[in-house]
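Everything below belongs to input-v8.csv, which stores CSV, C-alpha atoms.
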```
chain,number,residue,atom,x,y,z
Q,1471,MET,CA,-57.0,41.7,22.3
Q,1472,LYS,CA,-56.6,40.3,18.9
Q,1473,PRO,CA,-53.0,39.0,18.0
Q,1474,LEU,CA,-51.0,40.9,15.4
Q,1475,PRO,CA,-50.5,39.4,12.0
Q,1476,LEU,CA,-47.8,36.8,11.6
Q,1477,GLY,CA,-45.7,39.0,9.3
Q,1478,VAL,CA,-45.6,41.9,11.9
Q,1479,ARG,CA,-44.6,39.5,14.7
Q,1480,VAL,CA,-41.8,37.9,12.6
Q,1481,ALA,CA,-40.5,41.4,11.6
Q,1482,ALA,CA,-40.4,42.5,15.2
Q,1483,GLY,CA,-38.6,39.3,16.1
Q,1484,LEU,CA,-36.0,39.9,13.4
Q,1485,ALA,CA,-35.5,43.5,14.5
Q,1486,VAL,CA,-34.8,42.3,18.1
Q,1487,THR,CA,-32.4,39.6,16.9
Q,1488,ALA,CA,-30.5,42.1,14.8
Q,1489,LEU,CA,-30.2,44.4,17.7
Q,1490,GLU,CA,-28.9,41.7,20.0
Q,1491,GLN,CA,-26.4,40.6,17.3
Q,1492,ALA,CA,-25.2,44.2,16.9
Q,1493,ARG,CA,-24.6,44.5,20.6
Q,1494,ARG,CA,-22.5,41.3,20.6
Q,1495,LEU,CA,-20.6,42.3,17.5
Q,1496,PRO,CA,-17.5,43.9,19.2
Q,1497,GLN,CA,-16.9,40.7,21.2
Q,1498,GLN,CA,-17.4,38.5,18.2
Q,1499,LEU,CA,-15.0,40.6,16.0
Q,1500,ALA,CA,-12.1,39.9,18.4
Q,1501,GLY,CA,-12.4,36.1,17.8
Q,1502,LEU,CA,-13.5,36.3,14.2
Q,1503,PRO,CA,-10.1,35.8,12.6
Q,1504,LEU,CA,-9.4,32.7,14.6
Q,1505,THR,CA,-12.8,31.3,13.9
Q,1506,VAL,CA,-12.5,31.9,10.1
Q,1507,VAL,CA,-9.0,30.3,10.0
Q,1508,SER,CA,-10.2,27.3,12.1
Q,1509,GLU,CA,-13.2,26.7,9.9
Q,1510,ALA,CA,-11.1,27.0,6.7
Q,1511,MET,CA,-8.6,24.5,8.1
Q,1512,GLN,CA,-11.4,22.1,9.0
Q,1513,LEU,CA,-12.9,22.4,5.5
Q,1514,SER,CA,-9.5,21.8,3.9
Q,1515,MET,CA,-9.0,18.7,6.0
Q,1516,ARG,CA,-12.4,17.3,5.1
Q,1517,VAL,CA,-11.7,17.9,1.4
Q,1518,GLN,CA,-8.4,16.2,1.7
Q,1519,GLN,CA,-10.0,13.2,3.4
Q,1520,HIS,CA,-12.6,12.9,0.6
Q,1521,VAL,CA,-10.0,13.2,-2.1
Q,1522,THR,CA,-7.9,10.5,-0.4
Q,1523,GLU,CA,-10.9,8.2,0.0
Q,1524,LEU,CA,-11.7,8.6,-3.7
Q,1525,ALA,CA,-8.1,7.9,-4.7
Q,1526,ILE,CA,-8.1,4.7,-2.6
Q,1527,LYS,CA,-11.4,3.5,-4.2
Q,1528,GLY,CA,-9.9,4.4,-7.6
Q,1529,ASP,CA,-6.7,2.4,-6.9
Q,1530,ASP,CA,-8.8,-0.6,-5.8
Q,1531,VAL,CA,-10.7,-0.5,-9.1
Q,1532,LEU,CA,-7.8,0.2,-11.4
Q,1533,SER,CA,-5.4,-2.3,-9.8
Q,1534,GLY,CA,-7.6,-5.1,-11.2
Q,1535,LEU,CA,-7.4,-3.6,-14.7
Q,1536,ARG,CA,-3.6,-3.0,-14.9
Q,1537,PRO,CA,-1.1,-5.8,-15.2
Q,1538,ALA,CA,1.5,-6.1,-12.4
Q,1539,GLU,CA,4.5,-3.9,-13.3
Q,1540,ASP,CA,7.9,-5.2,-13.8
Q,1541,GLU,CA,10.6,-4.6,-11.2
Q,1542,PRO,CA,11.6,-0.9,-11.4
Q,1543,GLU,CA,15.3,-0.2,-11.5
Q,1544,TRP,CA,15.1,1.7,-8.2
Q,1545,ALA,CA,13.5,-1.2,-6.3
Q,1546,THR,CA,16.6,-3.0,-5.1
Q,1547,PHE,CA,17.9,-3.9,-1.7
Q,1548,ASP,CA,20.9,-1.9,-0.5
Q,1549,GLU,CA,22.8,-5.2,-0.5
Q,1550,ASP,CA,22.0,-5.9,-4.2
Q,1551,GLU,CA,24.5,-3.5,-5.6
Q,1552,THR,CA,26.5,-6.2,-7.3
Q,1553,PRO,CA,24.3,-8.6,-9.3
Q,1554,VAL,CA,25.0,-12.2,-8.6
Q,1555,THR,CA,23.7,-15.0,-10.8
Q,1556,THR,CA,23.3,-18.5,-9.8
Q,1557,ALA,CA,22.8,-21.5,-11.9
Q,1558,THR,CA,19.4,-23.0,-11.5
Q,1559,SER,CA,18.8,-26.6,-12.5
Q,1560,GLU,CA,16.0,-26.7,-14.9
Q,1561,ALA,CA,14.5,-30.1,-15.8
Q,1562,PRO,CA,14.1,-31.0,-19.4
Q,1563,ALA,CA,10.7,-30.2,-20.9
Q,1564,ASP,CA,9.9,-33.9,-21.3
Q,1565,ASP,CA,10.7,-34.7,-17.6
Q,1566,PRO,CA,7.6,-36.4,-16.1
Q,1567,TRP,CA,8.7,-35.5,-12.6
Q,1568,GLU,CA,8.6,-31.8,-13.3
Q,1569,GLU,CA,4.9,-31.9,-13.9
Q,1570,GLU,CA,4.3,-33.8,-10.7
Q,1571,GLU,CA,6.3,-31.4,-8.7
Q,1572,ARG,CA,4.3,-28.5,-10.0
Q,1573,ALA,CA,1.1,-30.2,-9.1
Q,1574,ILE,CA,2.3,-31.1,-5.6
Q,1575,ALA,CA,3.8,-27.7,-4.7
Q,1576,GLU,CA,1.5,-25.5,-2.7
Q,1577,VAL,CA,1.6,-21.8,-1.8
Q,1578,PRO,CA,3.9,-21.5,1.2
Q,1579,GLU,CA,1.9,-21.2,4.5
Q,1580,PHE,CA,4.1,-18.3,5.7
Q,1581,LEU,CA,3.1,-16.2,2.7
Q,1582,PRO,CA,-0.4,-17.4,1.6
Q,1583,MET,CA,-1.1,-14.4,-0.7
Q,1584,TYR,CA,2.2,-14.9,-2.7
Q,1585,ASP,CA,0.6,-15.4,-6.1
Q,1586,GLU,CA,-1.3,-12.1,-5.8
Q,1587,LEU,CA,1.7,-10.0,-4.8
Q,1588,SER,CA,3.4,-7.6,-7.2
Q,1589,ILE,CA,7.2,-7.6,-7.2
Q,1590,ALA,CA,7.3,-4.4,-5.1
Q,1591,GLN,CA,4.9,-6.0,-2.5
Q,1592,LEU,CA,7.0,-9.1,-2.3
Q,1593,ARG,CA,10.2,-7.1,-2.0
Q,1594,ALA,CA,8.8,-5.4,1.0
Q,1595,ARG,CA,8.1,-8.7,2.7
Q,1596,LEU,CA,11.5,-10.4,1.9
Q,1597,ARG,CA,13.4,-8.7,4.8
Q,1598,ASN,CA,11.3,-10.6,7.3
Q,1599,LEU,CA,12.1,-14.1,5.8
Q,1600,ASP,CA,14.9,-16.4,6.7
Q,1601,VAL,CA,17.0,-18.4,4.1
Q,1602,GLU,CA,14.8,-21.5,4.3
Q,1603,GLN,CA,11.7,-19.5,3.6
Q,1604,LEU,CA,13.3,-17.7,0.8
Q,1605,GLU,CA,14.4,-21.0,-0.8
Q,1606,VAL,CA,10.9,-22.4,-0.4
Q,1607,LEU,CA,9.6,-19.3,-2.3
Q,1608,LEU,CA,12.3,-19.7,-5.0
Q,1609,ARG,CA,11.3,-23.4,-5.6
Q,1610,TYR,CA,7.6,-22.5,-5.6
Q,1611,GLU,CA,8.2,-19.6,-8.1
Q,1612,GLN,CA,10.3,-21.9,-10.4
Q,1613,ALA,CA,7.7,-24.6,-10.3
Q,1614,HIS,CA,4.8,-22.3,-11.1
Q,1615,GLU,CA,5.1,-18.9,-12.8
Q,1616,SER,CA,8.9,-19.0,-13.2
Q,1617,ARG,CA,9.0,-15.2,-13.6
Q,1618,PRO,CA,12.6,-14.1,-14.2
Q,1619,GLU,CA,12.4,-10.9,-12.2
Q,1620,PHE,CA,11.0,-12.8,-9.2
Q,1621,ILE,CA,13.6,-15.5,-9.5
Q,1622,GLY,CA,16.4,-13.0,-9.8
Q,1623,MET,CA,15.2,-11.0,-6.8
Q,1624,LEU,CA,14.8,-14.2,-4.6
Q,1625,ASN,CA,18.3,-15.5,-5.7
Q,1626,ARG,CA,19.9,-12.1,-4.8
Q,1627,ARG,CA,18.1,-12.0,-1.4
Q,1628,ILE,CA,19.2,-15.6,-0.6
Q,1629,LEU,CA,22.8,-14.8,-1.3
Q,1630,THR,CA,22.6,-11.6,0.7
Q,1631,VAL,CA,21.1,-13.3,3.7
Q,1632,LYS,CA,23.7,-16.2,3.5
Q,1633,ARG,CA,26.6,-13.8,3.2
Q,1634,PRO,CA,28.2,-13.2,6.6
Q,1635,ASN,CA,27.8,-9.7,7.9
Q,1636,ASP,CA,30.6,-7.5,6.6
Q,1637,PRO,CA,31.3,-4.5,8.8
Q,1638,ALA,CA,32.6,-2.6,5.8
Q,1639,GLN,CA,29.1,-2.5,4.3
```

Before we go any further, please render this structure as structure tokens.
Amino acid sequence: MKPLPLGVRVAAGLAVTALEQARRLPQQLAGLPLTVVSEAMQLSMRVQQHVTELAIKGDDVLSGLRPAEDEPEWATFDEDETPVTTATSEAPADDPWEEEERAIAEVPEFLPMYDELSIAQLRARLRNLDVEQLEVLLRYEQAHESRPEFIGMLNRRILTVKRPNDPAQ
């Protein structure tokens, strides 16, 4: 016997498949709402992951283009409510020792990425440093960039750490 044409065989296969699916339909309808919700949630999570990945890549690219922002007003330690100023001894501009100190001073080993940190990133790390480390950072900042907002923040943190714990605070 000669086989039937391909089109007829495919049509018969489709008809049988449709009939089988129709017989399973009542069972599938019971679980359909749960399946639809589950797939929608999975799709939503995948979209959120892709958006987050794109945002992270964008942040990486744009961080190199934008200058580091100044210290925002809200970025203060709880202990910094009363500003305290300390006198810093600045050497005269014609002091030959000042230039030598700048050349000798190296980035502190305990914070090797110091020069790349924004003020907010540095603020987040200060709570883990002791007074000696804070003073090393202050001297390094004064000898190199001498950024007023960094110097002020380091001075305030040093005073806060040196201040004895007050139970009223």

Compare Q:Glu1576, Q:Asp1529, Q:Glu1619, Q:Glu1605 by their minimum atom-to-atom distance to Arg1593 of chain Q, counting only C-alpha atoms, and give me the closest one.
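Distance minimum relative to Arg1593 of chain Q lands on Q:Glu1619.
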
One-decimal distance in Å that lies between atom CA of Glu1490 of chain Q and atom CA of Lys1472 of chain Q:
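Computing it gives 27.8 Å between the two atoms.
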
If you count all atoms listed in the file, which residues fall within 12 Å of Arg1617 of chain Q, apart from same-chain ones fewer than 2 positions away, as number ranges by chain?
Q: 1538, 1540-1541, 1585, 1588-1589, 1608-1615, 1619-1624

Between atom CA of Glu1586 of chain Q and atom CA of Gly1528 of chain Q, what is the distance in Å, rounded to a tenth?
18.7 Å

Tell me, in Å to one decimal, how far atom CA of Pro1618 of chain Q is from atom CA of Leu1587 of chain Q.
15.0 Å

Take every atom of segment 1507-1521 of chain Q listed in the file, fit an axis-aligned box around them, add 8 Å per side, and give the centre and edge lengths in Å to one decimal as JSON.
```
{"center_x": -10.8, "center_y": 21.6, "center_z": 5.0, "size_x": 20.8, "size_y": 33.4, "size_z": 30.2}
```

Taking only C-alpha atoms into account, name the residue in Q:Leu1604, Q:Ile1526, Q:Ala1488, Q:Val1506 that is nearest to Leu1592 of chain Q.
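Between Q:Leu1604, Q:Ile1526, Q:Ala1488, Q:Val1506, the residue approaching Leu1592 of chain Q most closely is Q:Leu1604.
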
Among the residues Q:Leu1596, Q:Ala1482, Q:Leu1504, Q:Met1511, the one that comes closest to Asn1625 of chain Q [using only C-alpha atoms]
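Residue with the minimum atom-to-atom distance to Asn1625 of chain Q: Q:Leu1596.
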